[in-house]
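All remarks here apply to the structure that follows.
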Amino acid sequence: MSSLAEVARRAGVSKATASRALSGAAHVSPAAKERVAAAAADLGYVVSSTAASLVTGRTKNVGVITPFINRWFFAEVLEGIEGALIQAGYDLTLFRLPPEPEQRSRLFRYFLVRKRVDAIVCVGVELAPGEVELIQALRRPAVGIGGAIPGIMTMCIDDEQAARLATRHLISLGHTRIVHIGGDLDAQLDFKVHSRRLAGFRGAMDEAGLEHPDDFRPARTFSVPGGYEAAMSLLADPRSRPTAIVAGCDEIAIGAITAARQLGIVVPSGLSIVGIDDHPYSEMFGLTTVRQRPGEQGELAVDLVVRAMTEVDGGLPSTSIDIPITLVVRTSTTAPVPSLLR
């Protein structure tokens, strides 16, 4: 294996300059950085992360905390984070947030310190004030995704506005009998996502002056099977079924489309359905949805912490960034058939 001294000789710089160039430290000219990088590539030299951390005080490692790994939104955010970190030359240490209070406390009090991370990204985690203090004590840049966290820079969509936008779309088409199939209010995600989307749906109905008794069906799980089960129950009686459904997420919406097809209900002429997310399967199902691009949220979080790590104070303001959302109209929504409005 080639040595740092060989890289320095080939690049025509001192060993100290080569070390600074490869570690990303300041005070090295762009031309010198290019020569050192080319020499390292030619010689097959790989920087020791342990040695580099001793010189720079940095580990080139970002810690990511998330409660879920296999749920779509969280997986998409993680994919965006991972790709951006690789591009920036950083490693990722993933911490799955345990539900047990004692284990959760150990993560913040012990594991984050032991792993020596340069920055922290929290995905869908509503931090308690004490947890925020522990992160701030590390003096590392931190970003939260999914909701506002006092004391930390965060980014999120407006969940109420997302459901309001979806509902307004159906109302504009002429629907008046609309039901929201959303997450179980007794099994909330952090930041009360289920309640916020229900509130947005009801707000849009109130704005339009539409009565909405019996307007909500909880899905047992925030998933395709959960949406399927809830829709099968909702749509079973032709006398009481709605003309449109606002789903709490695209997976619930896809489950509802599947249930409608099994019951012989044609989407959209017999039932309009709109979701929230723009899941990769949404286009295949022709699903009208509210797009939020979670992968790009992960990329933005990495951009923020990496830029903060290169600044003198290494901090980020405790502000909230609103992630834009857009309505994507496909073939799952249309005006209701007049006979269904009676």
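Residues in the structure tokens are named by chain (A, B, ... in the order shown) and by number from 1 within that chain; ligands are numbered from 1 in the order shown.
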Problem set entry | Polymer residues at most 6 Å from segment 216-224 of chain A, only C-alpha atoms, same-chain spacing of 5 or more positions, as a ChimeraX atom specification | /A:179-184,230,251-252,255
How would the residues just chosen look if you wrote them out with all heavy atoms as a compact mmCIF listing (two decimals), in the first residue's frame?
```
# COMPACT_ATOMS: atom_id res chain seq x y z
N VAL A 179 -64.80 11.08 2.29
CA VAL A 179 -64.35 10.48 3.54
C VAL A 179 -62.82 10.44 3.56
O VAL A 179 -62.19 10.21 2.52
CB VAL A 179 -64.93 9.06 3.73
CG1 VAL A 179 -64.26 8.35 4.90
CG2 VAL A 179 -66.44 9.13 3.96
N HIS A 180 -62.27 10.67 4.72
CA HIS A 180 -60.82 10.58 4.90
C HIS A 180 -60.47 9.23 5.53
O HIS A 180 -60.96 8.90 6.61
CB HIS A 180 -60.33 11.71 5.81
CG HIS A 180 -58.87 11.65 6.14
ND1 HIS A 180 -57.88 11.62 5.17
CD2 HIS A 180 -58.21 11.61 7.33
CE1 HIS A 180 -56.70 11.57 5.75
NE2 HIS A 180 -56.86 11.56 7.06
N ILE A 181 -59.65 8.45 4.84
CA ILE A 181 -59.07 7.24 5.43
C ILE A 181 -57.63 7.59 5.79
O ILE A 181 -56.79 7.82 4.91
CB ILE A 181 -59.09 6.04 4.47
CG1 ILE A 181 -60.52 5.69 4.05
CG2 ILE A 181 -58.43 4.83 5.12
CD1 ILE A 181 -60.60 4.51 3.09
N GLY A 182 -57.36 7.68 7.09
CA GLY A 182 -56.05 8.11 7.54
C GLY A 182 -55.48 7.21 8.61
O GLY A 182 -56.01 6.13 8.89
N GLY A 183 -54.41 7.68 9.23
CA GLY A 183 -53.76 6.89 10.26
C GLY A 183 -54.57 6.86 11.54
O GLY A 183 -55.34 7.77 11.84
N ASP A 184 -54.40 5.79 12.29
CA ASP A 184 -55.08 5.60 13.57
C ASP A 184 -54.63 6.70 14.54
O ASP A 184 -53.44 6.85 14.82
CB ASP A 184 -54.73 4.22 14.12
CG ASP A 184 -55.52 3.86 15.36
OD1 ASP A 184 -56.10 4.76 16.00
OD2 ASP A 184 -55.56 2.65 15.70
N ALA A 230 -59.70 -0.82 5.54
CA ALA A 230 -60.59 0.29 5.86
C ALA A 230 -61.55 0.59 4.71
O ALA A 230 -62.73 0.85 4.93
CB ALA A 230 -59.77 1.53 6.19
N GLU A 251 -49.96 4.81 0.05
CA GLU A 251 -50.13 3.38 0.27
C GLU A 251 -51.56 3.05 0.70
O GLU A 251 -52.14 2.06 0.26
CB GLU A 251 -49.11 2.89 1.30
CG GLU A 251 -47.69 2.90 0.76
CD GLU A 251 -46.68 2.42 1.79
OE1 GLU A 251 -46.49 1.19 1.90
OE2 GLU A 251 -46.09 3.28 2.47
N ILE A 252 -52.14 3.90 1.56
CA ILE A 252 -53.55 3.72 1.92
C ILE A 252 -54.42 3.90 0.68
O ILE A 252 -55.37 3.14 0.46
CB ILE A 252 -53.94 4.72 3.01
CG1 ILE A 252 -53.32 4.31 4.35
CG2 ILE A 252 -55.46 4.83 3.16
CD1 ILE A 252 -53.59 5.27 5.49
N GLY A 255 -54.31 0.82 -1.44
CA GLY A 255 -55.15 -0.20 -0.83
C GLY A 255 -56.62 0.05 -1.09
O GLY A 255 -57.39 -0.90 -1.35
```
Return as a Markdown table the residues of segment 199-316 of chain A lying at most 8 Å from segment 131-155 of chain A, together with the closest atom-to-atom pair for each and the distance in Å to one decimal, counting only C-alpha atoms, with rows in chain order and ascending residue number.
```
| residue | atom | partner | partner_atom | distance |
| --- | --- | --- | --- | --- |
| A:Gln297 | CA | A:Ile145 | CA | 7.4 |
| A:Gly298 | CA | A:Ile145 | CA | 7.9 |
| A:Ala301 | CA | A:Val143 | CA | 6.2 |
| A:Leu304 | CA | A:Val143 | CA | 7.8 |
| A:Val305 | CA | A:Pro141 | CA | 5.6 |
| A:Ala308 | CA | A:Pro141 | CA | 6.4 |
| A:Met309 | CA | A:Pro141 | CA | 7.0 |
| A:Gly314 | CA | A:Pro141 | CA | 6.3 |
| A:Gly315 | CA | A:Pro141 | CA | 5.3 |
| A:Leu316 | CA | A:Pro141 | CA | 6.1 |
```
For this session: Could you find all residues in segment 77-312 of chain A that DSSP calls alpha helix (DSSP H) from the backbone, and write them as an MDAnalysis selection string?
Result: chainID A and resid 77:88 101:106 112:115 129:137 159:172 193:207 224:235 250:262 294:310
Problem set entry | Proximity to Pro268 of chain A - best of A:Gly248, A:Pro101, A:Gly286, A:Gly209, only C-alpha atoms |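 Of all the options, A:Gly286 lies closest to Pro268 of chain A.
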Exercise. Just how far from atom CA of Gly89 of chain A is atom CA of Val13 of chain A, in Å to one decimal?
Worked result: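 If I compute the distance from atom CA of Val13 of chain A to atom CA of Gly89 of chain A, I get 22.7 Å.
Distances here use only C-alpha atoms; by that measure, the residue among A:Val64, A:Val113, A:Ala244, A:Ile69 closest to Val266 of chain A is A:Ala244.
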Exercise. In Å, how far is it from atom CA of Ser282 of chain A to atom CA of Val328 of chain A?
Worked result: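 Answer for the atom CA of Ser282 of chain A to atom CA of Val328 of chain A separation: 10.0 Å.
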Exercise. Of the residues A:Ala18, A:Val246, A:Ala119, A:Leu234, which is the one nearest to Arg168 of chain A, using only C-alpha atoms?
Worked result: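 Distance minimum relative to Arg168 of chain A lands on A:Val246.
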Seminar exercise, completed: Using only C-alpha atoms, the shortest atom-to-atom distance to Ser14 of chain A among A:Val28, A:Gly203, A:Gln103, A:Asp237 belongs to A:Val28
Problem set entry | Atomic distance atom CA of Leu170 of chain A - atom CA of Pro242 of chain A, expressed in Å with one decimal | 11.8 Å
Problem set entry | Residues within 9 Å of Ala21 of chain A, only C-alpha atoms, excluding chain neighbours under 3 positions, as JSON, numbers by chain | {"A": [16, 17, 18, 24, 25, 26, 27, 28, 29, 30, 32, 33, 34, 36, 37]}
For this session: Check the smallest atom-to-atom distance from each of A:Thr258, A:Ser195, A:Thr319, A:Ser172 to Cys156 of chain A using only C-alpha atoms, then report the winner.
Result: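 Smallest distance to Cys156 of chain A is found for A:Thr319.
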Problem set entry | Contact residues around Leu92 of chain A with only C-alpha atoms at 7 Å, ignoring same-chain residues under 4 positions, as a list in words | Asn61, Val62, Gly63 and Glu82 of chain A
With N, CA and C atoms retained, write the just-selected residues as a tab-separated table (two decimals), in the first residue's frame.
```
chain	number	residue	atom	x	y	z
A	61	ASN	N	-18.03	11.36	9.47
A	61	ASN	CA	-19.11	10.43	9.76
A	61	ASN	C	-20.32	11.22	10.26
A	62	VAL	N	-21.48	10.97	9.67
A	62	VAL	CA	-22.71	11.65	10.06
A	62	VAL	C	-23.67	10.62	10.66
A	63	GLY	N	-24.19	10.92	11.83
A	63	GLY	CA	-25.16	10.05	12.48
A	63	GLY	C	-26.58	10.37	12.06
A	82	GLU	N	-28.00	8.97	2.17
A	82	GLU	CA	-26.84	8.13	1.85
A	82	GLU	C	-26.15	8.57	0.56
```
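With only C-alpha atoms as the atoms that count, the residue of A:Ala204, A:Leu127, A:Ala162, A:Ala40 with the shortest distance to Ile178 of chain A is A:Ala204.
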Exercise. Got a sec: who's within 8 Å of Val329 of chain A, counting only C-alpha atoms, leaving out chain neighbours fewer than 2 positions off, as a list in words?
Worked result: Leu287, Thr288, Thr289, Leu327, Thr331 and Thr333 of chain A
Please produce an output containing C-alpha atoms for each residue in the selection, written as a PDB file, in the first residue's frame.
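To be explicit, this is the file written out as result.pdb:
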```
ATOM      1  CA  LEU A 287     -53.157   7.985  -8.524  1.00  0.00           C
ATOM      2  CA  THR A 288     -53.779  11.681  -8.079  1.00  0.00           C
ATOM      3  CA  THR A 289     -51.593  12.712  -5.161  1.00  0.00           C
ATOM      4  CA  LEU A 327     -50.779  18.421  -6.514  1.00  0.00           C
ATOM      5  CA  THR A 331     -56.593   9.377 -13.599  1.00  0.00           C
ATOM      6  CA  THR A 333     -60.062  11.516  -9.805  1.00  0.00           C
TER       7      THR A 333
END
```
For this session: If you run DSSP over the backbone, which residues in segment 165-242 of chain A end up strand (DSSP E or B)? Put them as number ranges by chain.
Result: A: 178-183, 216-219
Using all heavy atoms, can you write the selected residues to a file as a PDB file, in the first residue's frame?
```pdb
ATOM      1  N   ILE A 178     -67.369  13.057   0.884  1.00  0.00           N
ATOM      2  CA  ILE A 178     -65.954  12.686   0.884  1.00  0.00           C
ATOM      3  C   ILE A 178     -65.593  12.147   2.264  1.00  0.00           C
ATOM      4  O   ILE A 178     -66.006  12.686   3.286  1.00  0.00           O
ATOM      5  CB  ILE A 178     -65.053  13.895   0.552  1.00  0.00           C
ATOM      6  CG1 ILE A 178     -65.547  14.609  -0.716  1.00  0.00           C
ATOM      7  CG2 ILE A 178     -63.603  13.470   0.389  1.00  0.00           C
ATOM      8  CD1 ILE A 178     -64.855  15.942  -0.979  1.00  0.00           C
ATOM      9  N   VAL A 179     -64.804  11.083   2.287  1.00  0.00           N
ATOM     10  CA  VAL A 179     -64.351  10.480   3.542  1.00  0.00           C
ATOM     11  C   VAL A 179     -62.825  10.440   3.556  1.00  0.00           C
ATOM     12  O   VAL A 179     -62.191  10.214   2.516  1.00  0.00           O
ATOM     13  CB  VAL A 179     -64.933   9.057   3.728  1.00  0.00           C
ATOM     14  CG1 VAL A 179     -64.262   8.346   4.896  1.00  0.00           C
ATOM     15  CG2 VAL A 179     -66.438   9.131   3.959  1.00  0.00           C
ATOM     16  N   HIS A 180     -62.271  10.674   4.725  1.00  0.00           N
ATOM     17  CA  HIS A 180     -60.817  10.579   4.899  1.00  0.00           C
ATOM     18  C   HIS A 180     -60.465   9.233   5.530  1.00  0.00           C
ATOM     19  O   HIS A 180     -60.963   8.901   6.608  1.00  0.00           O
ATOM     20  CB  HIS A 180     -60.328  11.708   5.809  1.00  0.00           C
ATOM     21  CG  HIS A 180     -58.870  11.649   6.137  1.00  0.00           C
ATOM     22  ND1 HIS A 180     -57.885  11.617   5.171  1.00  0.00           N
ATOM     23  CD2 HIS A 180     -58.206  11.611   7.334  1.00  0.00           C
ATOM     24  CE1 HIS A 180     -56.698  11.570   5.745  1.00  0.00           C
ATOM     25  NE2 HIS A 180     -56.860  11.560   7.058  1.00  0.00           N
ATOM     26  N   ILE A 181     -59.646   8.450   4.837  1.00  0.00           N
ATOM     27  CA  ILE A 181     -59.068   7.243   5.431  1.00  0.00           C
ATOM     28  C   ILE A 181     -57.631   7.589   5.791  1.00  0.00           C
ATOM     29  O   ILE A 181     -56.793   7.824   4.913  1.00  0.00           O
ATOM     30  CB  ILE A 181     -59.090   6.044   4.466  1.00  0.00           C
ATOM     31  CG1 ILE A 181     -60.523   5.691   4.054  1.00  0.00           C
ATOM     32  CG2 ILE A 181     -58.426   4.832   5.124  1.00  0.00           C
ATOM     33  CD1 ILE A 181     -60.604   4.513   3.095  1.00  0.00           C
ATOM     34  N   GLY A 182     -57.361   7.682   7.089  1.00  0.00           N
ATOM     35  CA  GLY A 182     -56.045   8.109   7.537  1.00  0.00           C
ATOM     36  C   GLY A 182     -55.484   7.210   8.605  1.00  0.00           C
ATOM     37  O   GLY A 182     -56.006   6.128   8.889  1.00  0.00           O
ATOM     38  N   GLY A 183     -54.407   7.682   9.225  1.00  0.00           N
ATOM     39  CA  GLY A 183     -53.758   6.895  10.263  1.00  0.00           C
ATOM     40  C   GLY A 183     -54.567   6.857  11.542  1.00  0.00           C
ATOM     41  O   GLY A 183     -55.344   7.773  11.843  1.00  0.00           O
ATOM     42  N   PHE A 216     -64.524  10.010   8.795  1.00  0.00           N
ATOM     43  CA  PHE A 216     -63.173   9.499   9.006  1.00  0.00           C
ATOM     44  C   PHE A 216     -63.183   8.003   9.281  1.00  0.00           C
ATOM     45  O   PHE A 216     -64.005   7.506  10.052  1.00  0.00           O
ATOM     46  CB  PHE A 216     -62.517  10.227  10.190  1.00  0.00           C
ATOM     47  CG  PHE A 216     -61.183   9.677  10.597  1.00  0.00           C
ATOM     48  CD1 PHE A 216     -60.108   9.702   9.721  1.00  0.00           C
ATOM     49  CD2 PHE A 216     -61.001   9.132  11.863  1.00  0.00           C
ATOM     50  CE1 PHE A 216     -58.872   9.189  10.103  1.00  0.00           C
ATOM     51  CE2 PHE A 216     -59.770   8.627  12.253  1.00  0.00           C
ATOM     52  CZ  PHE A 216     -58.707   8.651  11.373  1.00  0.00           C
ATOM     53  N   ARG A 217     -62.278   7.296   8.623  1.00  0.00           N
ATOM     54  CA  ARG A 217     -62.064   5.885   8.892  1.00  0.00           C
ATOM     55  C   ARG A 217     -60.572   5.674   9.161  1.00  0.00           C
ATOM     56  O   ARG A 217     -59.734   5.980   8.306  1.00  0.00           O
ATOM     57  CB  ARG A 217     -62.481   5.014   7.706  1.00  0.00           C
ATOM     58  CG  ARG A 217     -63.945   5.008   7.402  1.00  0.00           C
ATOM     59  CD  ARG A 217     -64.755   4.279   8.481  1.00  0.00           C
ATOM     60  NE  ARG A 217     -66.140   4.142   8.089  1.00  0.00           N
ATOM     61  CZ  ARG A 217     -67.056   5.089   8.144  1.00  0.00           C
ATOM     62  NH1 ARG A 217     -66.704   6.295   8.568  1.00  0.00           N
ATOM     63  NH2 ARG A 217     -68.302   4.873   7.782  1.00  0.00           N
ATOM     64  N   PRO A 218     -60.207   5.171  10.352  1.00  0.00           N
ATOM     65  CA  PRO A 218     -58.784   4.914  10.616  1.00  0.00           C
ATOM     66  C   PRO A 218     -58.323   3.629   9.953  1.00  0.00           C
ATOM     67  O   PRO A 218     -59.016   2.614   9.982  1.00  0.00           O
ATOM     68  CB  PRO A 218     -58.741   4.795  12.146  1.00  0.00           C
ATOM     69  CG  PRO A 218     -60.103   4.300  12.519  1.00  0.00           C
ATOM     70  CD  PRO A 218     -61.062   4.880  11.511  1.00  0.00           C
ATOM     71  N   ALA A 219     -57.160   3.679   9.345  1.00  0.00           N
ATOM     72  CA  ALA A 219     -56.526   2.473   8.813  1.00  0.00           C
ATOM     73  C   ALA A 219     -55.738   1.818   9.939  1.00  0.00           C
ATOM     74  O   ALA A 219     -55.028   2.504  10.684  1.00  0.00           O
ATOM     75  CB  ALA A 219     -55.609   2.821   7.651  1.00  0.00           C
TER      76      ALA A 219
END
```
